[in-house]
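Asks: Contents of upload24.cif (mmCIF, N, CA and C atoms) are below:
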data_target
loop_
_atom_site.label_atom_id
_atom_site.label_comp_id
_atom_site.auth_asym_id
_atom_site.auth_seq_id
_atom_site.Cartn_x
_atom_site.Cartn_y
_atom_site.Cartn_z
N MET A 1 0.17 -17.83 35.56
CA MET A 1 1.20 -17.48 34.62
C MET A 1 0.67 -17.45 33.19
N PHE A 2 -0.08 -18.48 32.79
CA PHE A 2 -0.59 -18.56 31.43
C PHE A 2 -2.11 -18.53 31.46
N PRO A 3 -2.73 -17.64 30.70
CA PRO A 3 -4.18 -17.52 30.74
C PRO A 3 -4.92 -18.67 30.05
N SER A 4 -4.21 -19.45 29.24
CA SER A 4 -4.85 -20.57 28.55
C SER A 4 -3.83 -21.67 28.32
N GLU A 5 -4.29 -22.77 27.76
CA GLU A 5 -3.41 -23.91 27.48
C GLU A 5 -2.66 -23.75 26.15
N THR A 6 -3.22 -22.94 25.24
CA THR A 6 -2.59 -22.74 23.93
C THR A 6 -2.42 -21.25 23.66
N ALA A 7 -1.60 -20.96 22.66
CA ALA A 7 -1.40 -19.57 22.23
C ALA A 7 -1.46 -19.52 20.71
N ILE A 8 -2.11 -18.48 20.20
CA ILE A 8 -2.11 -18.20 18.77
C ILE A 8 -1.00 -17.18 18.54
N VAL A 9 -0.02 -17.57 17.71
CA VAL A 9 1.18 -16.76 17.53
C VAL A 9 1.31 -16.30 16.09
N ASP A 10 1.50 -15.00 15.91
CA ASP A 10 1.80 -14.42 14.60
C ASP A 10 3.32 -14.39 14.47
N ILE A 11 3.84 -15.13 13.48
CA ILE A 11 5.29 -15.28 13.34
C ILE A 11 5.89 -14.02 12.70
N GLU A 12 6.87 -13.45 13.42
CA GLU A 12 7.57 -12.24 12.96
C GLU A 12 8.98 -12.56 12.49
N VAL A 13 9.58 -13.62 13.04
CA VAL A 13 10.95 -13.99 12.71
C VAL A 13 10.97 -15.48 12.38
N SER A 14 11.44 -15.81 11.18
CA SER A 14 11.59 -17.22 10.80
C SER A 14 12.84 -17.80 11.46
N ARG A 15 12.79 -19.08 11.73
CA ARG A 15 13.97 -19.77 12.27
C ARG A 15 15.16 -19.52 11.34
N PHE A 16 16.32 -19.25 11.93
CA PHE A 16 17.60 -18.99 11.27
C PHE A 16 17.69 -17.61 10.64
N SER A 17 16.72 -16.74 10.88
CA SER A 17 16.79 -15.37 10.39
C SER A 17 17.69 -14.53 11.30
N PHE A 18 18.36 -13.55 10.72
CA PHE A 18 19.18 -12.60 11.48
C PHE A 18 18.39 -11.35 11.83
N VAL A 19 17.24 -11.16 11.19
CA VAL A 19 16.47 -9.92 11.33
C VAL A 19 15.38 -10.09 12.38
N LYS A 20 15.41 -9.26 13.42
CA LYS A 20 14.37 -9.23 14.47
C LYS A 20 13.41 -8.12 14.10
N ARG A 21 12.15 -8.47 13.95
CA ARG A 21 11.12 -7.50 13.57
C ARG A 21 10.21 -7.18 14.74
N ARG A 22 9.61 -6.01 14.66
CA ARG A 22 8.58 -5.61 15.62
C ARG A 22 7.25 -6.22 15.17
N PRO A 23 6.24 -6.19 16.06
CA PRO A 23 4.93 -6.75 15.66
C PRO A 23 4.34 -6.12 14.39
N ASP A 24 4.69 -4.85 14.10
CA ASP A 24 4.15 -4.20 12.89
C ASP A 24 4.95 -4.55 11.63
N GLY A 25 6.01 -5.37 11.77
CA GLY A 25 6.79 -5.81 10.62
C GLY A 25 8.04 -5.00 10.35
N THR A 26 8.19 -3.85 11.00
CA THR A 26 9.39 -3.04 10.80
C THR A 26 10.59 -3.72 11.48
N VAL A 27 11.76 -3.43 10.98
CA VAL A 27 12.98 -4.04 11.52
C VAL A 27 13.33 -3.38 12.85
N ASP A 28 13.51 -4.23 13.88
CA ASP A 28 13.95 -3.76 15.19
C ASP A 28 15.47 -3.71 15.22
N PHE A 29 16.10 -4.83 14.84
CA PHE A 29 17.55 -4.87 14.72
C PHE A 29 17.96 -6.09 13.92
N VAL A 30 19.22 -6.07 13.48
CA VAL A 30 19.82 -7.22 12.81
C VAL A 30 20.79 -7.84 13.81
N ALA A 31 20.57 -9.11 14.12
CA ALA A 31 21.35 -9.79 15.15
C ALA A 31 22.71 -10.25 14.60
N PRO A 32 23.69 -10.40 15.49
CA PRO A 32 24.99 -10.91 15.04
C PRO A 32 24.99 -12.42 14.81
N PHE A 33 23.89 -13.08 15.18
CA PHE A 33 23.76 -14.53 14.99
C PHE A 33 22.29 -14.82 14.70
N PRO A 34 22.01 -15.92 13.99
CA PRO A 34 20.62 -16.20 13.62
C PRO A 34 19.79 -16.71 14.80
N SER A 35 18.49 -16.50 14.70
CA SER A 35 17.58 -17.03 15.70
C SER A 35 17.47 -18.54 15.53
N MET A 36 17.59 -19.26 16.63
CA MET A 36 17.46 -20.72 16.58
C MET A 36 16.00 -21.16 16.53
N PHE A 37 15.08 -20.21 16.66
CA PHE A 37 13.66 -20.52 16.76
C PHE A 37 12.85 -19.57 15.90
N SER A 38 11.72 -20.04 15.38
CA SER A 38 10.73 -19.10 14.85
C SER A 38 10.18 -18.36 16.06
N TYR A 39 9.82 -17.10 15.86
CA TYR A 39 9.54 -16.22 16.98
C TYR A 39 8.43 -15.27 16.58
N GLY A 40 7.55 -14.94 17.51
CA GLY A 40 6.48 -14.02 17.17
C GLY A 40 5.77 -13.50 18.39
N SER A 41 4.56 -13.00 18.17
CA SER A 41 3.78 -12.42 19.26
C SER A 41 2.43 -13.11 19.35
N VAL A 42 1.94 -13.20 20.58
CA VAL A 42 0.67 -13.86 20.85
C VAL A 42 -0.46 -12.90 20.50
N ALA A 43 -1.33 -13.34 19.61
CA ALA A 43 -2.45 -12.51 19.15
C ALA A 43 -3.34 -12.09 20.31
N GLY A 44 -3.70 -10.82 20.34
CA GLY A 44 -4.64 -10.31 21.35
C GLY A 44 -4.08 -10.20 22.75
N SER A 45 -2.77 -10.21 22.91
CA SER A 45 -2.18 -10.15 24.25
C SER A 45 -1.41 -8.85 24.44
N LEU A 46 -1.09 -8.56 25.69
CA LEU A 46 -0.27 -7.40 26.01
C LEU A 46 0.67 -7.78 27.14
N ALA A 47 1.96 -7.59 26.91
CA ALA A 47 2.99 -7.92 27.90
C ALA A 47 3.36 -6.66 28.69
N PRO A 48 4.10 -6.81 29.79
CA PRO A 48 4.49 -5.65 30.60
C PRO A 48 5.29 -4.58 29.86
N ASP A 49 5.96 -4.97 28.76
CA ASP A 49 6.74 -3.98 28.00
C ASP A 49 5.88 -3.16 27.04
N GLY A 50 4.56 -3.41 27.03
CA GLY A 50 3.66 -2.66 26.17
C GLY A 50 3.45 -3.27 24.80
N ASP A 51 4.23 -4.28 24.46
CA ASP A 51 4.07 -5.00 23.19
C ASP A 51 3.27 -6.27 23.45
N PRO A 52 2.81 -6.93 22.37
CA PRO A 52 2.18 -8.23 22.58
C PRO A 52 3.15 -9.22 23.22
N GLN A 53 2.61 -10.22 23.89
CA GLN A 53 3.41 -11.26 24.53
C GLN A 53 4.29 -11.96 23.50
N ASP A 54 5.58 -12.09 23.77
CA ASP A 54 6.50 -12.79 22.88
C ASP A 54 6.34 -14.30 23.04
N ALA A 55 6.60 -15.03 21.94
CA ALA A 55 6.58 -16.50 21.99
C ALA A 55 7.62 -17.03 21.02
N LEU A 56 8.28 -18.11 21.41
CA LEU A 56 9.18 -18.80 20.50
C LEU A 56 8.65 -20.21 20.29
N ILE A 57 8.88 -20.71 19.09
CA ILE A 57 8.32 -21.99 18.69
C ILE A 57 9.42 -23.04 18.71
N VAL A 58 9.17 -24.15 19.39
CA VAL A 58 10.10 -25.27 19.45
C VAL A 58 9.40 -26.48 18.84
N GLY A 59 10.10 -27.20 17.98
CA GLY A 59 9.53 -28.41 17.38
C GLY A 59 8.84 -28.18 16.05
N ALA A 60 8.91 -26.96 15.54
CA ALA A 60 8.33 -26.62 14.23
C ALA A 60 9.04 -25.36 13.75
N SER A 61 8.92 -25.08 12.46
CA SER A 61 9.60 -23.92 11.88
C SER A 61 8.66 -23.11 10.99
N PRO A 62 7.59 -22.54 11.57
CA PRO A 62 6.73 -21.70 10.74
C PRO A 62 7.49 -20.48 10.22
N GLN A 63 7.03 -19.93 9.13
CA GLN A 63 7.71 -18.81 8.47
C GLN A 63 7.06 -17.47 8.83
N ARG A 64 7.83 -16.40 8.67
CA ARG A 64 7.33 -15.06 8.94
C ARG A 64 6.03 -14.85 8.16
N GLY A 65 5.02 -14.33 8.86
CA GLY A 65 3.71 -14.10 8.26
C GLY A 65 2.71 -15.20 8.58
N ASP A 66 3.18 -16.37 9.01
CA ASP A 66 2.28 -17.46 9.39
C ASP A 66 1.60 -17.15 10.72
N ARG A 67 0.44 -17.73 10.91
CA ARG A 67 -0.25 -17.70 12.21
C ARG A 67 -0.44 -19.15 12.63
N VAL A 68 0.04 -19.48 13.84
CA VAL A 68 -0.01 -20.85 14.33
C VAL A 68 -0.63 -20.88 15.72
N GLU A 69 -1.16 -22.03 16.08
CA GLU A 69 -1.69 -22.22 17.44
C GLU A 69 -1.07 -23.50 18.01
N TYR A 70 -0.40 -23.34 19.15
CA TYR A 70 0.29 -24.45 19.79
C TYR A 70 0.07 -24.40 21.30
N PRO A 71 0.26 -25.54 21.96
CA PRO A 71 0.25 -25.55 23.43
C PRO A 71 1.42 -24.73 23.99
N ILE A 72 1.20 -24.17 25.17
CA ILE A 72 2.25 -23.43 25.89
C ILE A 72 2.96 -24.42 26.81
N TRP A 73 4.30 -24.49 26.70
CA TRP A 73 5.08 -25.46 27.46
C TRP A 73 5.91 -24.83 28.57
N GLY A 74 6.08 -23.53 28.51
CA GLY A 74 6.89 -22.87 29.54
C GLY A 74 7.19 -21.44 29.16
N GLU A 75 8.22 -20.90 29.82
CA GLU A 75 8.51 -19.48 29.65
C GLU A 75 10.01 -19.23 29.81
N VAL A 76 10.53 -18.37 28.96
CA VAL A 76 11.89 -17.85 29.12
C VAL A 76 11.76 -16.63 30.01
N ARG A 77 12.49 -16.61 31.11
CA ARG A 77 12.45 -15.49 32.05
C ARG A 77 13.51 -14.48 31.61
N PHE A 78 13.05 -13.31 31.15
CA PHE A 78 13.95 -12.32 30.55
C PHE A 78 13.55 -10.92 30.98
N ILE A 79 14.53 -10.11 31.28
CA ILE A 79 14.31 -8.69 31.59
C ILE A 79 15.10 -7.91 30.56
N ASP A 80 14.45 -6.97 29.90
CA ASP A 80 15.08 -6.17 28.84
C ASP A 80 15.02 -4.71 29.22
N GLY A 81 16.16 -4.12 29.52
CA GLY A 81 16.20 -2.70 29.90
C GLY A 81 15.43 -2.43 31.17
N GLY A 82 15.40 -3.39 32.08
CA GLY A 82 14.71 -3.22 33.36
C GLY A 82 13.23 -3.56 33.34
N VAL A 83 12.72 -4.00 32.19
CA VAL A 83 11.30 -4.32 32.06
C VAL A 83 11.13 -5.82 31.80
N ASP A 84 10.17 -6.46 32.49
CA ASP A 84 9.88 -7.87 32.23
C ASP A 84 9.54 -8.05 30.76
N ASP A 85 10.22 -8.97 30.12
CA ASP A 85 10.01 -9.27 28.71
C ASP A 85 10.12 -10.78 28.50
N HIS A 86 9.34 -11.52 29.30
CA HIS A 86 9.38 -12.98 29.24
C HIS A 86 8.80 -13.47 27.92
N LYS A 87 9.26 -14.64 27.50
CA LYS A 87 8.82 -15.22 26.24
C LYS A 87 8.21 -16.59 26.50
N TRP A 88 7.02 -16.82 25.97
CA TRP A 88 6.41 -18.13 26.12
C TRP A 88 7.08 -19.11 25.17
N VAL A 89 7.20 -20.35 25.61
CA VAL A 89 7.73 -21.42 24.79
C VAL A 89 6.53 -22.26 24.35
N VAL A 90 6.31 -22.32 23.03
CA VAL A 90 5.16 -23.05 22.48
C VAL A 90 5.65 -23.99 21.39
N GLY A 91 4.82 -24.95 21.05
CA GLY A 91 5.16 -25.86 19.96
C GLY A 91 4.19 -27.01 19.90
N PRO A 92 4.30 -27.81 18.84
CA PRO A 92 3.37 -28.92 18.64
C PRO A 92 3.56 -30.05 19.66
N ARG A 93 4.71 -30.06 20.36
CA ARG A 93 5.00 -31.07 21.37
C ARG A 93 5.85 -30.43 22.45
N ALA A 94 5.95 -31.10 23.57
CA ALA A 94 6.78 -30.58 24.66
C ALA A 94 8.25 -30.59 24.22
N PRO A 95 8.99 -29.53 24.54
CA PRO A 95 10.42 -29.53 24.22
C PRO A 95 11.14 -30.67 24.93
N ARG A 96 12.09 -31.24 24.25
CA ARG A 96 12.92 -32.29 24.83
C ARG A 96 13.96 -31.64 25.74
N PRO A 97 14.56 -32.40 26.66
CA PRO A 97 15.55 -31.82 27.57
C PRO A 97 16.66 -31.03 26.87
N TRP A 98 17.17 -31.56 25.76
CA TRP A 98 18.23 -30.84 25.04
C TRP A 98 17.72 -29.54 24.44
N GLU A 99 16.42 -29.48 24.10
CA GLU A 99 15.86 -28.24 23.55
C GLU A 99 15.75 -27.17 24.64
N TRP A 100 15.35 -27.59 25.87
CA TRP A 100 15.34 -26.62 26.97
C TRP A 100 16.74 -26.07 27.19
N GLN A 101 17.75 -26.94 27.08
CA GLN A 101 19.14 -26.49 27.25
C GLN A 101 19.54 -25.54 26.14
N SER A 102 19.14 -25.84 24.89
CA SER A 102 19.47 -24.93 23.79
C SER A 102 18.80 -23.58 23.95
N ILE A 103 17.57 -23.57 24.46
CA ILE A 103 16.89 -22.29 24.73
C ILE A 103 17.70 -21.48 25.73
N ALA A 104 18.15 -22.13 26.80
CA ALA A 104 18.93 -21.42 27.83
C ALA A 104 20.23 -20.87 27.25
N VAL A 105 20.94 -21.68 26.48
CA VAL A 105 22.20 -21.21 25.88
C VAL A 105 21.93 -20.03 24.95
N PHE A 106 20.93 -20.16 24.10
CA PHE A 106 20.60 -19.08 23.16
C PHE A 106 20.32 -17.78 23.90
N PHE A 107 19.50 -17.84 24.96
CA PHE A 107 19.12 -16.60 25.64
C PHE A 107 20.23 -16.03 26.52
N ARG A 108 21.18 -16.85 26.95
CA ARG A 108 22.37 -16.29 27.63
C ARG A 108 23.14 -15.40 26.66
N VAL A 109 23.34 -15.90 25.44
CA VAL A 109 24.06 -15.13 24.42
C VAL A 109 23.22 -13.94 23.96
N TYR A 110 21.93 -14.17 23.76
CA TYR A 110 21.01 -13.11 23.33
C TYR A 110 21.01 -11.94 24.33
N ALA A 111 21.05 -12.26 25.62
CA ALA A 111 21.08 -11.21 26.64
C ALA A 111 22.30 -10.32 26.48
N LEU A 112 23.44 -10.91 26.17
CA LEU A 112 24.65 -10.12 25.95
C LEU A 112 24.49 -9.17 24.76
N ALA A 113 23.94 -9.71 23.67
CA ALA A 113 23.72 -8.88 22.48
C ALA A 113 22.72 -7.76 22.77
N LYS A 114 21.64 -8.09 23.48
CA LYS A 114 20.63 -7.07 23.82
C LYS A 114 21.18 -6.01 24.77
N ARG A 115 22.09 -6.42 25.68
CA ARG A 115 22.74 -5.46 26.57
C ARG A 115 23.51 -4.43 25.75
N GLY A 116 24.26 -4.92 24.78
CA GLY A 116 25.02 -4.01 23.91
C GLY A 116 24.09 -3.08 23.14
N LEU A 117 23.01 -3.62 22.60
CA LEU A 117 22.04 -2.79 21.88
C LEU A 117 21.40 -1.79 22.83
N GLY A 118 21.11 -2.22 24.07
CA GLY A 118 20.54 -1.31 25.07
C GLY A 118 21.46 -0.15 25.38
N CYS A 119 22.75 -0.41 25.45
CA CYS A 119 23.72 0.67 25.68
C CYS A 119 23.68 1.68 24.54
N ILE A 120 23.63 1.17 23.32
CA ILE A 120 23.58 2.06 22.15
C ILE A 120 22.29 2.88 22.16
N ARG A 121 21.18 2.25 22.55
CA ARG A 121 19.88 2.93 22.55
C ARG A 121 19.61 3.72 23.83
N GLY A 122 20.52 3.66 24.81
CA GLY A 122 20.37 4.44 26.04
C GLY A 122 19.40 3.83 27.05
N ALA A 123 19.26 2.50 27.04
CA ALA A 123 18.37 1.84 28.01
C ALA A 123 18.91 2.06 29.42
N ASN A 124 18.00 2.25 30.37
CA ASN A 124 18.40 2.56 31.74
C ASN A 124 18.58 1.33 32.62
N GLY A 125 17.75 0.34 32.46
CA GLY A 125 17.76 -0.81 33.37
C GLY A 125 18.56 -1.98 32.84
N PRO A 126 18.67 -3.02 33.66
CA PRO A 126 19.45 -4.20 33.27
C PRO A 126 18.73 -5.06 32.23
N THR A 127 19.55 -5.80 31.47
CA THR A 127 19.04 -6.80 30.55
C THR A 127 19.60 -8.14 31.01
N VAL A 128 18.70 -9.03 31.43
CA VAL A 128 19.13 -10.25 32.11
C VAL A 128 18.26 -11.44 31.68
N PHE A 129 18.93 -12.56 31.39
CA PHE A 129 18.25 -13.84 31.22
C PHE A 129 18.34 -14.54 32.57
N SER A 130 17.19 -14.96 33.12
CA SER A 130 17.21 -15.59 34.44
C SER A 130 16.70 -17.03 34.43
N GLY A 131 16.68 -17.66 33.26
CA GLY A 131 16.35 -19.07 33.20
C GLY A 131 15.07 -19.37 32.44
N VAL A 132 14.79 -20.66 32.33
CA VAL A 132 13.55 -21.11 31.71
C VAL A 132 12.71 -21.80 32.77
N GLN A 133 11.43 -21.63 32.66
CA GLN A 133 10.50 -22.25 33.60
C GLN A 133 9.56 -23.13 32.80
N GLN A 134 9.62 -24.44 33.05
CA GLN A 134 8.73 -25.35 32.36
C GLN A 134 7.37 -25.35 33.04
N LYS A 135 6.33 -25.37 32.21
CA LYS A 135 4.97 -25.38 32.72
C LYS A 135 4.69 -26.75 33.34
N PRO A 136 4.12 -26.77 34.53
CA PRO A 136 3.78 -28.08 35.13
C PRO A 136 2.80 -28.83 34.23
N VAL A 137 3.01 -30.11 34.09
CA VAL A 137 2.12 -30.96 33.28
C VAL A 137 0.97 -31.41 34.17
N ASN A 138 -0.25 -31.30 33.64
CA ASN A 138 -1.42 -31.75 34.40
C ASN A 138 -1.35 -33.26 34.63
N ALA A 139 -1.63 -33.65 35.86
CA ALA A 139 -1.58 -35.08 36.20
C ALA A 139 -2.86 -35.82 35.82
N GLY A 140 -3.91 -35.09 35.51
CA GLY A 140 -5.17 -35.75 35.35
C GLY A 140 -5.67 -35.98 34.03
#
Step by step, read the file and then write its structure as structure tokens.
Replies:
Amino acid sequence: MFPSETAIVDIEVSRFSFVKRRPDGTVDFVAPFPSMFSYGSVAGSLAPDGDPQDALIVGASPQRGDRVEYPIWGEVRFIDGGVDDHKWVVGPRAPRPWEWQSIAVFFRVYALAKRGLGCIRGANGPTVFSGVQQKPVNAG
């Protein structure tokens, strides 16, 4: 699932921002609610949707334009317009149980907003949040 233990993330969206940007910095859309997480793309990666791998940061609030490196703790399982668009969960520490729950709540609502945007943009496939998957912790 994860090619390494850490990810270098270029921050595109600051925590509490309403503006979702593309990796090149252009505005993708303005959300009806703020992002609960700083959000960006993993440097040097490519996801199934053709963009760099998405990542959200838990336990820190880097700002747009920052580059950070954190351990990978899990993944948000998300399909956008019929295409896998999973997001890695990274941060300076493992998310606490309530943070995993907040991620799930946020992405349930986010999926509804993205579905509406997909309808406007003529997306063909479904937009679905299917849960969070925590990365197994090494026992050794």
Asks: Using only C-alpha atoms, which residues sit within 10 Å of Phe106 in chain A once same-chain residues fewer than 4 positions away are excluded, as a PyMOL selection string?
Replies: chain A and resi 33-37+100-102+110-111+129
Asks: Have a look at CA of Gly59 in chain A and atom C of Val89 in chain A and let me know their distance in Å, one decimal.
Replies: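 Separation of CA of Gly59 in chain A and atom C of Val89 in chain A: 9.8 Å.
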Asks: Tell me which of A:Asp24, A:Asp80, A:Asp49, A:Asp85 sits closest to Gly125 in chain A, counting only C-alpha atoms.
Replies: A:Asp80
Asks: Please identify the strand (DSSP E or B) residues within range 27-66 of chain A (assignment by DSSP from backbone atoms) and present them as an NGL selection string.
Replies: :A and (27-30 or 38-42 or 54-57)
Asks: Ranking A:Ala47, A:Val13, A:Arg22, A:Pro52 by minimum distance to Gly65 in chain A and counting all atoms listed in the file, which one comes first?
Replies: A:Val13
Asks: Do you know which residues are at most 8 Å from Glu75 in chain A counting all atoms listed in the file, after dropping those on the same chain fewer than 2 positions away, and could you put them as a PyMOL selection string?
Replies: chain A and resi 72-73+77-78+86-90+131-135
Asks: Let's have the selection written as a short mmCIF file (atom, residue, chain, number, x, y, z; two decimals), in the frame of the given file, with N, CA and C atoms.
Replies:
data_model
loop_
_atom_site.label_atom_id
_atom_site.label_comp_id
_atom_site.auth_asym_id
_atom_site.auth_seq_id
_atom_site.Cartn_x
_atom_site.Cartn_y
_atom_site.Cartn_z
N ILE A 72 1.20 -24.17 25.17
CA ILE A 72 2.25 -23.43 25.89
C ILE A 72 2.96 -24.42 26.81
N TRP A 73 4.30 -24.49 26.70
CA TRP A 73 5.08 -25.46 27.46
C TRP A 73 5.91 -24.83 28.57
N ARG A 77 12.49 -16.61 31.11
CA ARG A 77 12.45 -15.49 32.05
C ARG A 77 13.51 -14.48 31.61
N PHE A 78 13.05 -13.31 31.15
CA PHE A 78 13.95 -12.32 30.55
C PHE A 78 13.55 -10.92 30.98
N HIS A 86 9.34 -11.52 29.30
CA HIS A 86 9.38 -12.98 29.24
C HIS A 86 8.80 -13.47 27.92
N LYS A 87 9.26 -14.64 27.50
CA LYS A 87 8.82 -15.22 26.24
C LYS A 87 8.21 -16.59 26.50
N TRP A 88 7.02 -16.82 25.97
CA TRP A 88 6.41 -18.13 26.12
C TRP A 88 7.08 -19.11 25.17
N VAL A 89 7.20 -20.35 25.61
CA VAL A 89 7.73 -21.42 24.79
C VAL A 89 6.53 -22.26 24.35
N VAL A 90 6.31 -22.32 23.03
CA VAL A 90 5.16 -23.05 22.48
C VAL A 90 5.65 -23.99 21.39
N GLY A 131 16.68 -17.66 33.26
CA GLY A 131 16.35 -19.07 33.20
C GLY A 131 15.07 -19.37 32.44
N VAL A 132 14.79 -20.66 32.33
CA VAL A 132 13.55 -21.11 31.71
C VAL A 132 12.71 -21.80 32.77
N GLN A 133 11.43 -21.63 32.66
CA GLN A 133 10.50 -22.25 33.60
C GLN A 133 9.56 -23.13 32.80
N GLN A 134 9.62 -24.44 33.05
CA GLN A 134 8.73 -25.35 32.36
C GLN A 134 7.37 -25.35 33.04
N LYS A 135 6.33 -25.37 32.21
CA LYS A 135 4.97 -25.38 32.72
C LYS A 135 4.69 -26.75 33.34
#
Asks: List, as number ranges by chain, every residue that the PyMOL selection byres ((chain A and resi 30) around 7) selects in the file provided.
Replies: A: 18-20, 27-29, 31-33
Asks: Atom N of Asn124 in chain A and CA of Ser14 in chain A, how far apart in Å?
Replies: 28.3 Å
